[in-house]
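Take a look at the structure below.
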Amino acid sequence: MLSLLHIGRVVCGLIERGERLLIARRPAGKNLGLKWEFPGGKVEPGESDEDALHRELEEELGVRVNIIERLTPCFHRYPDFSLELISFRCVLADTGEPLSREHEELKWITPDEMSQYEFPEADLPVLEEYRTQQRSP
Ligand SMILES: Nc1nc2c([nH]c(=O)n2[C@H]2C[C@H](O)[C@@H](COP(=O)(O)OP(=O)(O)OP(=O)(O)O)O2)c(=O)[nH]1
């Protein structure tokens, strides 16, 4: 029998700077390797989603952020595991550049450029919601 692992809540940050958003490329050896994602990670037991976001962004990028808005959470089932992805629009709290401590590469892209990058399937509704928001006045 196939057993499907539910990894629980994963938070990620859509970090905005002017018209651009930060995307990060997952390392080759990790699951969903070389896909582009929004930095973040798994929420630990007893932690709030917001605390998890701040912890992960500090660990992965060495940055502090201010949260602007929580987007609609998405449940997604991959062939071998499922997760709930909770995304937040945010901005950098300080002037320093994010560091690529755990990713293959970081890039600042415009919403129009998103379609040129391969994101995990769980991110597709997030990208759609974000682009729709950008188009509305
Ligand atoms: N950070 C992040 N993870 C995503 C996104 N989309 C998506 O499907 N995921 C998946 C990939 C991973 O299976 C999971 C996040 O776990 P992770 O392994 O990157 O995070 P972590 O730092 O908590 O994990 P670990 O290496 O400590 O085990 O969520 C996304 O946009 N950002």
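How things are named: the first chain in the structure tokens is A, the next is B, and so on; residues count from 1 in each chain; ligands count from 1 in the order shown.
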Can you tell me which residues sit at most 7 Å away from ligand 1, counting only C-alpha atoms and all ligand atoms, written as a ChimeraX atom specification? /A:10-12,31-32,37-43,56,83,85,120-123
Any chance you could list, as a VMD selection string, the residues in chain A that come up alpha helix (DSSP H) when DSSP is run on the backbone? chain A and resid 49 to 61 124 to 135
Residue contacts of A:Glu58 (10 Å, only C-alpha atoms) excluding same-chain residues fewer than 4 positions away, as a PyMOL selection string: chain A and resi 40+52-54+62-65+98-99+101
For the selection just defined, write its residues with N, CA and C atoms to a file, as a compact mmCIF listing (two decimals), in the first residue's frame.
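Wrote out-v5.txt, looks like this:
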# COMPACT_ATOMS: atom_id res chain seq x y z
N GLY A 40 11.47 29.91 2.74
CA GLY A 40 10.63 29.55 3.88
C GLY A 40 10.93 28.13 4.30
N ALA A 52 7.43 31.15 12.41
CA ALA A 52 8.17 30.22 11.54
C ALA A 52 8.75 30.97 10.34
N LEU A 53 7.95 31.89 9.78
CA LEU A 53 8.43 32.65 8.62
C LEU A 53 9.66 33.48 9.02
N HIS A 54 9.56 34.19 10.14
CA HIS A 54 10.70 35.02 10.58
C HIS A 54 11.93 34.14 10.82
N GLY A 62 19.31 35.45 6.18
CA GLY A 62 19.91 36.42 7.10
C GLY A 62 19.17 37.74 7.10
N VAL A 63 17.86 37.72 6.85
CA VAL A 63 17.10 38.99 6.82
C VAL A 63 15.94 38.97 7.81
N ARG A 64 15.53 40.18 8.19
CA ARG A 64 14.30 40.37 8.95
C ARG A 64 13.30 41.00 8.00
N VAL A 65 12.04 40.62 8.15
CA VAL A 65 11.02 41.17 7.25
C VAL A 65 9.86 41.73 8.05
N PRO A 98 19.74 40.13 0.95
CA PRO A 98 19.60 38.73 1.39
C PRO A 98 20.80 37.89 0.93
N LEU A 99 21.19 36.95 1.77
CA LEU A 99 22.32 36.07 1.45
C LEU A 99 21.78 34.70 1.04
N ARG A 101 22.20 31.47 1.76
CA ARG A 101 22.86 30.53 2.68
C ARG A 101 22.49 29.09 2.42
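Using only C-alpha atoms, the nearest neighbour of A:Asp94 within the list A:Val126, A:His6, A:Arg17, A:Gln134 is A:Arg17.
Closest approach to A:Gln133 among A:Ala93, A:Leu57, A:Leu71, A:Ile109: A:Leu71, based on only C-alpha atoms.
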Could you tell me, as a ChimeraX atom specification, which residues of chain A DSSP assigns to strand (DSSP E or B) when given the backbone? /A:5-17,20-25,36-37,40-42,65-70,74-77,81-92,105-109
C-alpha atoms of the current selection, written as a CSV table (one decimal), in the first residue's frame:
chain,number,residue,atom,x,y,z
A,5,LEU,CA,3.4,11.6,4.2
A,6,HIS,CA,1.7,14.8,5.2
A,7,ILE,CA,4.6,17.2,6.1
A,8,GLY,CA,2.2,19.7,7.6
A,9,ARG,CA,2.4,23.5,7.3
A,10,VAL,CA,5.1,25.2,5.2
A,11,VAL,CA,5.4,29.0,5.3
A,12,CYS,CA,7.0,31.1,2.6
A,13,GLY,CA,7.7,34.8,2.0
A,14,LEU,CA,7.0,36.7,-1.2
A,15,ILE,CA,9.5,39.4,-0.4
A,16,GLU,CA,8.8,42.6,-2.4
A,17,ARG,CA,11.3,45.3,-3.3
A,20,ARG,CA,10.3,42.9,-7.9
A,21,LEU,CA,10.0,39.8,-5.9
A,22,LEU,CA,12.7,37.6,-4.5
A,23,ILE,CA,12.8,34.0,-5.7
A,24,ALA,CA,15.3,31.3,-4.6
A,25,ARG,CA,16.4,28.1,-6.4
A,36,TRP,CA,12.4,28.1,-7.9
A,37,GLU,CA,10.5,28.8,-4.7
A,40,GLY,CA,10.6,29.6,3.9
A,41,GLY,CA,10.2,26.1,5.4
A,42,LYS,CA,8.3,23.9,7.7
A,65,VAL,CA,11.0,41.2,7.3
A,66,ASN,CA,7.8,43.0,7.9
A,67,ILE,CA,4.7,41.1,6.9
A,68,ILE,CA,2.2,42.9,4.8
A,69,GLU,CA,-0.4,40.3,4.2
A,70,ARG,CA,-1.2,36.6,4.4
A,74,CYS,CA,-3.1,26.1,-0.4
A,75,PHE,CA,-3.2,22.4,0.3
A,76,HIS,CA,-1.2,20.4,-2.3
A,77,ARG,CA,-0.6,16.7,-2.8
A,81,PHE,CA,3.9,13.8,0.2
A,82,SER,CA,1.4,16.6,0.9
A,83,LEU,CA,1.6,19.9,2.5
A,84,GLU,CA,-0.3,23.1,3.3
A,85,LEU,CA,1.5,26.1,1.9
A,86,ILE,CA,1.0,29.4,3.7
A,87,SER,CA,2.4,32.4,1.9
A,88,PHE,CA,3.0,35.9,3.1
A,89,ARG,CA,3.7,39.1,1.2
A,90,CYS,CA,6.4,41.0,3.0
A,91,VAL,CA,9.2,43.6,2.7
A,92,LEU,CA,12.7,43.7,4.0
A,105,GLU,CA,20.8,31.0,-6.3
A,106,LEU,CA,18.6,34.1,-5.5
A,107,LYS,CA,17.0,36.4,-8.0
A,108,TRP,CA,14.8,39.5,-7.9
A,109,ILE,CA,12.2,39.2,-10.7
What separates atom CA of A:Arg55 and atom CA of A:Ser115 is a distance of 28.5 Å
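The space separating atom CA of A:Glu59 from atom CA of A:Lys30 comes to 16.9 Å.
The interatomic distance for the pair atom CA of A:Thr72 and atom CA of A:Glu47 works out to 19.2 Å.
Take the candidates A:Gly33, A:Pro27, A:Gly18, A:Pro73 and check each one against A:Asp49 using only C-alpha atoms; the shortest distance goes to A:Pro73.
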